file entry_19.csv (CSV, C-alpha atoms)
chain,number,residue,atom,x,y,z
A,401,MET,CA,147.4,10.0,75.7
A,402,LEU,CA,148.1,11.7,72.3
A,403,VAL,CA,151.3,11.3,70.3
A,404,VAL,CA,152.0,13.4,67.1
A,405,GLU,CA,155.1,12.3,65.2
A,406,ASN,CA,156.8,14.1,62.3
A,407,ILE,CA,153.7,15.5,60.7
A,408,VAL,CA,154.0,17.1,57.3
A,409,ALA,CA,150.8,18.7,56.0
A,410,GLY,CA,149.4,21.5,53.9
A,411,TYR,CA,146.4,22.6,51.9
A,412,VAL,CA,147.9,22.8,48.5
A,413,GLU,CA,149.9,20.1,46.7
A,414,ASP,CA,153.7,20.6,47.2
A,415,VAL,CA,153.2,23.5,49.6
A,416,ASP,CA,153.8,22.3,53.2
A,417,ILE,CA,152.5,24.3,56.2
A,418,LEU,CA,153.8,21.8,58.8
A,419,HIS,CA,157.3,20.5,58.6
A,420,SER,CA,157.9,17.3,60.7
A,421,VAL,CA,156.0,18.7,63.8
A,422,SER,CA,155.9,16.4,66.8
A,423,LEU,CA,154.3,16.7,70.3
A,424,GLU,CA,152.8,14.6,73.1
A,425,VAL,CA,149.7,15.3,75.3
A,426,ARG,CA,150.0,13.7,78.7
A,427,LYS,CA,146.9,12.4,80.5
A,428,GLY,CA,145.4,14.8,83.0
A,429,GLN,CA,147.4,17.8,81.8
A,430,ILE,CA,146.8,20.9,79.8
A,431,SER,CA,149.2,21.0,76.9
A,432,SER,CA,149.5,24.4,75.2
A,433,ILE,CA,150.6,25.2,71.7
A,434,ILE,CA,151.7,28.8,71.1
A,435,GLY,CA,153.3,30.6,68.3
A,436,PRO,CA,152.9,33.7,66.0
A,437,ASN,CA,150.2,34.0,63.3
A,438,GLY,CA,151.0,31.6,60.4
A,439,SER,CA,153.0,29.2,62.6
A,440,GLY,CA,150.7,26.3,61.7
A,441,LYS,CA,148.9,25.9,65.1
A,442,SER,CA,145.4,25.5,63.7
A,443,THR,CA,146.6,23.4,60.8
A,444,LEU,CA,148.1,21.0,63.3
A,445,VAL,CA,144.8,20.7,65.1
A,446,ARG,CA,143.0,20.0,61.9
A,447,VAL,CA,145.4,17.1,61.2
A,448,ILE,CA,144.9,15.7,64.7
A,449,CYS,CA,141.1,15.9,64.5
A,450,GLY,CA,140.9,14.3,61.1
A,451,MET,CA,140.0,17.3,59.0
A,452,LEU,CA,143.2,17.5,57.1
A,453,PRO,CA,145.2,14.4,56.0
A,454,ALA,CA,148.9,14.5,56.7
A,455,ARG,CA,151.3,13.9,53.9
A,456,GLN,CA,153.8,12.3,56.3
A,457,GLY,CA,153.9,11.3,59.9
A,458,GLU,CA,151.5,9.7,62.4
A,459,VAL,CA,149.0,10.6,65.1
A,460,ARG,CA,148.2,8.1,67.9
A,461,TYR,CA,145.6,8.3,70.6
A,462,ASP,CA,145.8,5.9,73.4
A,463,ALA,CA,148.0,3.7,71.1
A,464,THR,CA,145.3,3.8,68.4
A,465,LYS,CA,146.4,5.2,65.1
A,466,LEU,CA,144.3,8.2,64.2
A,467,SER,CA,145.8,8.8,60.8
A,468,GLY,CA,143.0,8.4,58.2
A,469,THR,CA,140.2,8.4,60.8
A,470,PRO,CA,137.4,10.7,59.6
A,471,ALA,CA,136.5,13.8,61.7
A,472,HIS,CA,133.0,12.5,62.5
A,473,ARG,CA,134.4,9.5,64.3
A,474,MET,CA,136.5,11.5,66.8
A,475,ALA,CA,133.6,11.8,69.3
A,476,GLU,CA,133.2,8.0,69.3
A,477,LEU,CA,136.9,7.7,70.3
A,478,GLY,CA,136.4,10.2,73.1
A,479,ILE,CA,137.9,13.3,71.5
A,480,ALA,CA,135.9,16.6,71.6
A,481,TYR,CA,137.0,19.4,69.3
A,482,LEU,CA,136.0,23.0,69.8
A,483,PRO,CA,136.9,25.2,66.8
A,484,GLN,CA,137.8,28.9,66.9
A,485,GLU,CA,134.6,29.8,65.1
A,486,ARG,CA,131.3,30.2,67.0
A,487,THR,CA,129.3,27.0,66.7
A,488,VAL,CA,126.2,27.8,68.8
A,489,PHE,CA,122.9,27.5,66.9
A,490,PRO,CA,121.4,30.9,67.7
A,491,HIS,CA,117.8,30.0,67.1
A,492,LEU,CA,117.9,26.9,69.3
A,493,THR,CA,117.6,27.0,73.1
A,494,VAL,CA,120.5,26.4,75.4
A,495,GLU,CA,119.2,23.0,76.2
A,496,GLN,CA,118.7,22.1,72.6
A,497,ASN,CA,122.2,23.2,71.8
A,498,ILE,CA,123.6,21.0,74.6
A,499,GLU,CA,121.5,18.0,73.5
A,500,LEU,CA,123.1,18.1,70.1
A,501,GLY,CA,126.3,17.1,71.8
A,502,GLY,CA,124.7,13.7,72.5
A,503,TRP,CA,123.8,13.1,68.8
A,504,THR,CA,125.7,9.8,68.7
A,505,PHE,CA,123.4,8.4,71.4
A,506,ARG,CA,120.3,10.5,70.6
A,507,ARG,CA,117.9,7.5,70.9
A,508,ASP,CA,119.1,6.8,74.5
A,509,GLY,CA,116.8,9.2,76.4
A,510,ALA,CA,118.0,8.0,79.8
A,511,ARG,CA,121.6,8.8,78.9
A,512,ILE,CA,120.7,12.2,77.4
A,513,GLY,CA,118.9,13.1,80.7
A,514,LYS,CA,121.8,11.9,82.8
A,515,MET,CA,124.4,13.9,80.9
A,516,LEU,CA,122.2,17.0,80.9
A,517,ARG,CA,121.9,16.8,84.7
A,518,LYS,CA,125.7,16.4,84.9
A,519,VAL,CA,126.4,19.3,82.6
A,520,TYR,CA,124.0,21.6,84.4
A,521,ALA,CA,125.7,20.7,87.7
A,522,GLN,CA,129.0,21.8,86.2
A,523,PHE,CA,127.5,25.0,84.6
A,524,PRO,CA,124.6,26.3,86.8
A,525,ILE,CA,124.4,29.5,84.6
A,526,LEU,CA,123.3,27.3,81.7
A,527,ALA,CA,120.7,25.5,83.8
A,528,GLU,CA,119.3,28.9,84.7
A,529,ARG,CA,119.1,29.9,81.0
A,530,LYS,CA,118.2,26.5,79.5
A,531,ASN,CA,115.2,27.9,77.7
A,532,THR,CA,117.0,31.0,76.4
A,533,LYS,CA,117.9,31.1,72.7
A,534,GLY,CA,121.6,30.4,72.2
A,535,GLY,CA,122.0,33.6,70.2
A,536,ASP,CA,120.8,35.7,73.1
A,537,LEU,CA,123.8,34.6,75.3
A,538,SER,CA,126.9,36.8,75.8
A,539,GLY,CA,130.0,35.8,73.9
A,540,GLY,CA,131.5,34.2,77.0
A,541,GLN,CA,128.3,32.3,77.8
A,542,GLN,CA,128.2,31.0,74.2
A,543,LYS,CA,131.8,29.6,74.6
A,544,ILE,CA,130.8,28.0,77.9
A,545,LEU,CA,127.8,26.5,76.1
A,546,GLU,CA,130.1,25.0,73.4
A,547,ILE,CA,132.2,23.5,76.2
A,548,ALA,CA,129.1,22.1,77.9
A,549,ARG,CA,127.9,20.6,74.6
A,550,ALA,CA,131.3,18.9,74.0
A,551,LEU,CA,131.1,17.3,77.5
A,552,MET,CA,127.9,15.4,76.6
A,553,ILE,CA,130.0,12.6,75.1
A,554,GLU,CA,132.1,12.4,78.3
A,555,PRO,CA,135.3,12.9,76.3
A,556,ASN,CA,138.8,11.9,77.5
A,557,LEU,CA,140.5,14.7,75.5
A,558,LEU,CA,139.3,18.2,74.8
A,559,VAL,CA,141.0,20.0,71.8
A,560,PHE,CA,140.5,23.8,71.9
A,561,ASP,CA,141.5,26.1,69.0
A,562,GLU,CA,141.7,29.7,70.1
A,563,PRO,CA,138.9,29.5,72.7
A,564,THR,CA,139.0,33.2,73.7
A,565,VAL,CA,139.5,34.9,70.4
A,566,GLY,CA,137.3,38.1,70.3
A,567,LEU,CA,136.4,37.9,74.0
A,568,ALA,CA,136.9,40.7,76.5
A,569,PRO,CA,139.6,39.9,79.0
A,570,ILE,CA,137.2,39.5,81.9
A,571,VAL,CA,135.1,37.0,79.8
A,572,ALA,CA,138.2,35.2,78.6
A,573,LYS,CA,139.2,34.7,82.3
A,574,GLU,CA,136.0,32.8,82.8
A,575,VAL,CA,136.9,30.4,80.0
A,576,TYR,CA,140.4,29.8,81.3
A,577,ASP,CA,139.0,29.2,84.8
A,578,THR,CA,136.7,26.6,83.3
A,579,LEU,CA,139.6,24.8,81.6
A,580,GLU,CA,141.5,24.8,84.9
A,581,ARG,CA,138.5,23.4,86.7
A,582,LEU,CA,138.0,20.6,84.1
A,583,LYS,CA,141.7,19.7,84.4
A,584,ALA,CA,141.3,19.5,88.2
A,585,GLU,CA,138.4,17.1,87.5
A,586,GLY,CA,140.7,14.8,85.5
A,587,MET,CA,140.2,16.1,82.0
A,588,THR,CA,143.1,16.2,79.4
A,589,VAL,CA,143.2,19.3,77.3
A,590,LEU,CA,145.1,20.3,74.2
A,591,LEU,CA,145.0,24.1,73.9
A,592,VAL,CA,146.0,26.2,70.9
A,593,ASP,CA,146.1,29.9,71.8
A,594,GLN,CA,147.4,33.3,70.8
A,595,ASN,CA,147.0,34.5,74.3
A,596,VAL,CA,150.6,33.5,75.2
A,597,ARG,CA,150.5,34.6,78.8
A,598,GLU,CA,147.4,32.6,79.7
A,599,ALA,CA,148.3,29.6,77.6
A,600,VAL,CA,151.6,29.4,79.5
A,601,ARG,CA,150.0,30.1,82.8
A,602,ILE,CA,147.5,27.3,82.7
A,603,GLY,CA,149.6,24.9,80.6
A,604,ASP,CA,151.5,22.1,82.2
A,605,HIS,CA,153.6,21.6,79.1
A,606,VAL,CA,154.1,24.2,76.4
A,607,TYR,CA,155.0,23.7,72.7
A,608,VAL,CA,156.2,26.6,70.6
A,609,LEU,CA,155.7,26.5,66.8
A,610,GLU,CA,157.3,28.8,64.4
A,611,LEU,CA,157.0,28.7,60.6
A,612,GLY,CA,155.4,25.3,60.8
A,613,ARG,CA,158.2,23.8,62.8
A,614,ASN,CA,158.9,22.8,66.4
A,615,LYS,CA,160.9,25.6,67.9
A,616,ALA,CA,160.9,24.7,71.6
A,617,ASP,CA,158.9,22.8,74.3
A,618,GLY,CA,159.1,22.3,78.0
A,619,ALA,CA,157.3,22.6,81.3
A,620,ARG,CA,155.5,25.9,82.1
A,621,ASP,CA,158.4,27.2,84.3
A,622,ALA,CA,160.8,27.1,81.4
A,623,PHE,CA,158.8,29.7,79.5
A,624,GLU,CA,157.3,32.1,82.2
A,625,GLY,CA,160.5,34.2,82.3
A,626,ASP,CA,160.9,34.4,78.5
A,627,LEU,CA,157.5,35.5,77.4
A,628,HIS,CA,158.5,39.1,76.6
A,629,ALA,CA,161.4,37.9,74.4
A,630,LEU,CA,159.2,35.4,72.6
A,631,ILE,CA,156.5,37.9,71.8
A,632,LYS,CA,159.1,40.5,70.7
A,633,ASP,CA,160.6,37.9,68.3
A,634,TRP,CA,157.2,37.0,66.8
A,635,LEU,CA,156.4,40.6,66.1
A,636,GLN,CA,159.5,40.8,64.0
A,637,ILE,CA,158.6,37.7,61.9

call {"tool": "encode", "arguments": {"input": "entry_19.csv", "output": "structure tokens"}}
result
Amino acid sequence: MLVVENIVAGYVEDVDILHSVSLEVRKGQISSIIGPNGSGKSTLVRVICGMLPARQGEVRYDATKLSGTPAHRMAELGIAYLPQERTVFPHLTVEQNIELGGWTFRRDGARIGKMLRKVYAQFPILAERKNTKGGDLSGGQQKILEIARALMIEPNLLVFDEPTVGLAPIVAKEVYDTLERLKAEGMTVLLVDQNVREAVRIGDHVYVLELGRNKADGARDAFEGDLHALIKDWLQI
């Protein structure tokens, strides 16, 4: 579904963060990107989602070249991006937050209603709290709200950047359970995460970045036995 080839990118001229990074995201799978701090994981996501132009290389989505496509057009192409930062509007209700996910078809009341019903069926807790202010939800519920809002466009690909950062383990588990359920329903997911164990556990294919370069990749089973060694190496970088 998504092909990233030989991406070179950075934020300052002549200073590259990514050095010929490549990966593939297969349809119906969770592809996990792991690596130590500063490895370029979030930078790669920004390139994929059109927020940072690549100096070299190419990104293709369903054979369509994404390079040069502005970030605001990603939703039209079926790509939903959830950043690491909280994006819930605290003074709007849960329902108002979700409706914002349908901004591109905001004048189509029938479609908005249809998608709201679908999202509430997937996340009953949000239906129960639809009139609650977004800022009054717990951290985990706010992350679920962000996922629900992203699903309003019926995306084909969900791109998550550190979805559980700052969440308690029991709350983070709820987020990972949601990702697994979405995959079971046919969703394709690209997950960037510092929670190495969970990223490997739920990932079908795992990519390891280190110092802005591809270090390794493979199926989940290839990494499950080497997690301790990986983490130990990263702590020494």

call {"tool": "atom_distance", "arguments": {"input": "entry_19.csv", "atom1": "atom CA of Leu557 of chain A", "atom2": "atom CA of Thr469 of chain A"}}
result
16.0 Å

call {"tool": "atom_distance", "arguments": {"input": "entry_19.csv", "atom1": "atom CA of Thr464 of chain A", "atom2": "atom CA of Pro563 of chain A"}}
result
26.8 Å

call {"tool": "atom_distance", "arguments": {"input": "entry_19.csv", "atom1": "atom CA of Leu545 of chain A", "atom2": "atom CA of Thr443 of chain A"}}
result
24.4 Å

call {"tool": "closest_residue", "arguments": {"input": "entry_19.csv", "among": "A:Cys449, A:Ile433, A:Val592, A:Ile553", "to": "Lys465 of chain A", "atoms": "all atoms listed in the file"}}
result
A:Cys449

call {"tool": "closest_residue", "arguments": {"input": "entry_19.csv", "among": "A:His491, A:Arg506, A:Arg549, A:Lys441", "to": "Lys518 of chain A", "atoms": "only C-alpha atoms"}}
result
A:Arg549

call {"tool": "residues_near_point", "arguments": {"input": "entry_19.csv", "point": "(157.0, 27.3, 73.2)", "cutoff": "9 Å", "atoms": "all atoms listed in the file", "output": "count of residues only"}}
result
18

call {"tool": "closest_residue", "arguments": {"input": "entry_19.csv", "among": "A:Leu444, A:Ala550, A:Ala572, A:Ala409", "to": "Leu500 of chain A", "atoms": "all atoms listed in the file"}}
result
A:Ala550

call {"tool": "residues_around", "arguments": {"input": "entry_19.csv", "residues": "Gly410 of chain A", "least_positions_apart": "3", "cutoff": "12 Å", "atoms": "only C-alpha atoms", "output": "NGL selection string"}}
result
:A and (407 or 413-420 or 440 or 442-444 or 446-447 or 451-456 or 612)

call {"tool": "write_last_selection", "arguments": {"input": "entry_19.csv", "atoms": "C-alpha atoms", "output": "compact mmCIF listing (two decimals), in the coordinates of the input"}}
result
# COMPACT_ATOMS: atom_id res chain seq x y z
CA ILE A 407 153.70 15.50 60.70
CA GLU A 413 149.90 20.10 46.70
CA ASP A 414 153.70 20.60 47.20
CA VAL A 415 153.20 23.50 49.60
CA ASP A 416 153.80 22.30 53.20
CA ILE A 417 152.50 24.30 56.20
CA LEU A 418 153.80 21.80 58.80
CA HIS A 419 157.30 20.50 58.60
CA SER A 420 157.90 17.30 60.70
CA GLY A 440 150.70 26.30 61.70
CA SER A 442 145.40 25.50 63.70
CA THR A 443 146.60 23.40 60.80
CA LEU A 444 148.10 21.00 63.30
CA ARG A 446 143.00 20.00 61.90
CA VAL A 447 145.40 17.10 61.20
CA MET A 451 140.00 17.30 59.00
CA LEU A 452 143.20 17.50 57.10
CA PRO A 453 145.20 14.40 56.00
CA ALA A 454 148.90 14.50 56.70
CA ARG A 455 151.30 13.90 53.90
CA GLN A 456 153.80 12.30 56.30
CA GLY A 612 155.40 25.30 60.80

call {"tool": "closest_residue", "arguments": {"input": "entry_19.csv", "among": "A:Val575, A:Ala584, A:Val408, A:Pro490", "to": "Arg613 of chain A", "atoms": "all atoms listed in the file"}}
result
A:Val408

call {"tool": "residues_around", "arguments": {"input": "entry_19.csv", "residues": "segment 484-489 of chain A", "least_positions_apart": "3", "cutoff": "10 Å", "atoms": "all atoms listed in the file", "output": "number ranges by chain"}}
result
A: 442, 481, 492-494, 496-498, 500, 533-535, 537, 539, 542-543, 545-546, 549, 560-566, 592-593

call {"tool": "residues_near_point", "arguments": {"input": "entry_19.csv", "point": "(144.3, 18.0, 74.7)", "cutoff": "6 Å", "atoms": "only C-alpha atoms", "output": "PyMOL selection string"}}
result
chain A and resi 557-559+588-590

call {"tool": "write_last_selection", "arguments": {"input": "entry_19.csv", "atoms": "C-alpha atoms", "output": "compact mmCIF listing (two decimals), in the coordinates of the input"}}
result
# COMPACT_ATOMS: atom_id res chain seq x y z
CA LEU A 557 140.50 14.70 75.50
CA LEU A 558 139.30 18.20 74.80
CA VAL A 559 141.00 20.00 71.80
CA THR A 588 143.10 16.20 79.40
CA VAL A 589 143.20 19.30 77.30
CA LEU A 590 145.10 20.30 74.20

call {"tool": "decode", "arguments": {"input": "entry_19.csv", "residues": "segment 480-614 of chain A", "atoms": "C-alpha atoms", "output": "compact mmCIF listing (two decimals), in the first residue's frame"}}
result
# COMPACT_ATOMS: atom_id res chain seq x y z
CA ALA A 480 -5.20 9.62 8.40
CA TYR A 481 -2.33 10.93 10.53
CA LEU A 482 -2.39 11.01 14.31
CA PRO A 483 0.52 12.99 15.75
CA GLN A 484 2.22 12.42 19.06
CA GLU A 485 0.83 15.67 20.46
CA ARG A 486 -2.68 15.84 21.87
CA THR A 487 -5.10 17.23 19.28
CA VAL A 488 -8.41 17.10 21.13
CA PHE A 489 -10.19 20.46 21.32
CA PRO A 490 -10.81 20.64 25.08
CA HIS A 491 -13.75 23.08 25.01
CA LEU A 492 -15.68 21.22 22.31
CA THR A 493 -17.85 18.21 23.09
CA VAL A 494 -16.83 14.69 22.15
CA GLU A 495 -19.32 14.74 19.27
CA GLN A 496 -18.10 18.10 18.00
CA ASN A 497 -14.52 16.80 18.08
CA ILE A 498 -15.49 13.73 16.07
CA GLU A 499 -17.48 15.77 13.55
CA LEU A 500 -14.36 17.79 12.77
CA GLY A 501 -12.92 14.61 11.28
CA GLY A 502 -15.52 14.95 8.52
CA TRP A 503 -14.54 18.52 7.64
CA THR A 504 -13.88 17.65 3.99
CA PHE A 505 -17.54 16.61 3.58
CA ARG A 506 -19.03 18.90 6.24
CA ARG A 507 -21.93 19.97 3.99
CA ASP A 508 -23.09 16.37 3.57
CA GLY A 509 -25.26 15.97 6.66
CA ALA A 510 -26.36 12.46 5.75
CA ARG A 511 -22.76 11.25 5.48
CA ILE A 512 -21.77 12.97 8.73
CA GLY A 513 -24.66 11.23 10.50
CA LYS A 514 -23.81 7.87 8.96
CA MET A 515 -20.16 8.08 9.99
CA LEU A 516 -21.05 9.26 13.50
CA ARG A 517 -23.24 6.19 13.98
CA LYS A 518 -20.48 3.95 12.67
CA VAL A 519 -17.86 5.49 14.96
CA TYR A 520 -20.13 5.28 17.99
CA ALA A 521 -20.75 1.60 17.23
CA GLN A 522 -16.99 1.05 17.28
CA PHE A 523 -16.42 3.12 20.43
CA PRO A 524 -19.49 2.89 22.73
CA ILE A 525 -17.71 4.83 25.50
CA LEU A 526 -17.65 7.88 23.20
CA ALA A 527 -21.36 7.51 22.46
CA GLU A 528 -22.03 7.51 26.20
CA ARG A 529 -19.99 10.69 26.63
CA LYS A 530 -20.82 12.47 23.38
CA ASN A 531 -21.93 15.64 25.19
CA THR A 532 -18.89 15.72 27.50
CA LYS A 533 -16.21 18.33 26.86
CA GLY A 534 -13.15 16.75 25.24
CA GLY A 535 -10.89 18.20 27.91
CA ASP A 536 -12.80 16.34 30.63
CA LEU A 537 -11.88 12.91 29.22
CA SER A 538 -9.02 10.85 30.58
CA GLY A 539 -5.77 10.72 28.60
CA GLY A 540 -6.63 7.32 27.18
CA GLN A 541 -10.15 8.39 26.22
CA GLN A 542 -8.74 11.46 24.48
CA LYS A 543 -6.47 9.23 22.40
CA ILE A 544 -9.44 7.01 21.51
CA LEU A 545 -11.35 10.17 20.57
CA GLU A 546 -8.51 11.15 18.23
CA ILE A 547 -8.66 7.72 16.58
CA ALA A 548 -12.44 7.97 16.24
CA ARG A 549 -12.15 11.39 14.63
CA ALA A 550 -9.58 10.03 12.15
CA LEU A 551 -11.97 7.23 11.18
CA MET A 552 -14.60 9.71 10.00
CA ILE A 553 -12.95 9.85 6.57
CA GLU A 554 -12.98 6.03 6.33
CA PRO A 555 -9.22 5.94 5.75
CA ASN A 556 -7.33 3.10 4.15
CA LEU A 557 -4.13 3.87 6.06
CA LEU A 558 -3.70 5.08 9.64
CA VAL A 559 -0.33 6.63 10.53
CA PHE A 560 0.34 6.84 14.28
CA ASP A 561 3.28 8.69 15.83
CA GLU A 562 3.92 7.57 19.43
CA PRO A 563 0.22 6.96 20.29
CA THR A 564 0.81 5.99 23.94
CA VAL A 565 3.45 8.49 25.01
CA GLY A 566 2.65 9.77 28.49
CA LEU A 567 -0.11 7.21 29.11
CA ALA A 568 -0.20 4.78 32.02
CA PRO A 569 0.44 1.14 30.99
CA ILE A 570 -3.15 0.06 31.61
CA VAL A 571 -4.41 2.94 29.47
CA ALA A 572 -1.82 2.31 26.77
CA LYS A 573 -3.04 -1.29 26.56
CA GLU A 574 -6.48 -0.01 25.59
CA VAL A 575 -4.93 1.94 22.71
CA TYR A 576 -2.97 -1.09 21.48
CA ASP A 577 -6.08 -3.25 21.77
CA THR A 578 -7.89 -0.72 19.59
CA LEU A 579 -5.18 -0.86 16.94
CA GLU A 580 -5.34 -4.65 16.87
CA ARG A 581 -9.12 -4.55 16.54
CA LEU A 582 -8.91 -2.08 13.66
CA LYS A 583 -6.42 -4.34 11.90
CA ALA A 584 -8.78 -7.27 12.36
CA GLU A 585 -11.43 -5.15 10.63
CA GLY A 586 -9.13 -4.68 7.64
CA MET A 587 -7.35 -1.44 8.49
CA THR A 588 -3.72 -0.87 7.47
CA VAL A 589 -1.56 0.79 10.14
CA LEU A 590 1.89 2.39 10.19
CA LEU A 591 2.94 2.66 13.83
CA VAL A 592 5.91 4.65 15.14
CA ASP A 593 6.55 3.81 18.77
CA GLN A 594 9.15 3.89 21.53
CA ASN A 595 7.34 1.13 23.38
CA VAL A 596 9.46 -1.49 21.69
CA ARG A 597 7.83 -4.54 23.22
CA GLU A 598 4.29 -3.53 22.26
CA ALA A 599 5.31 -2.27 18.82
CA VAL A 600 6.90 -5.64 18.08
CA ARG A 601 4.06 -7.61 19.68
CA ILE A 602 1.32 -6.09 17.53
CA GLY A 603 3.41 -5.44 14.42
CA ASP A 604 3.30 -7.83 11.49
CA HIS A 605 6.49 -6.33 10.09
CA VAL A 606 9.05 -4.34 12.06
CA TYR A 607 11.54 -1.74 10.84
CA VAL A 608 14.46 -0.63 13.00
CA LEU A 609 15.93 2.84 12.45
CA GLU A 610 19.20 3.95 13.97
CA LEU A 611 20.91 7.30 13.40
CA GLY A 612 18.57 8.01 10.51
CA ARG A 613 19.32 4.80 8.64
CA ASN A 614 17.68 1.43 8.14
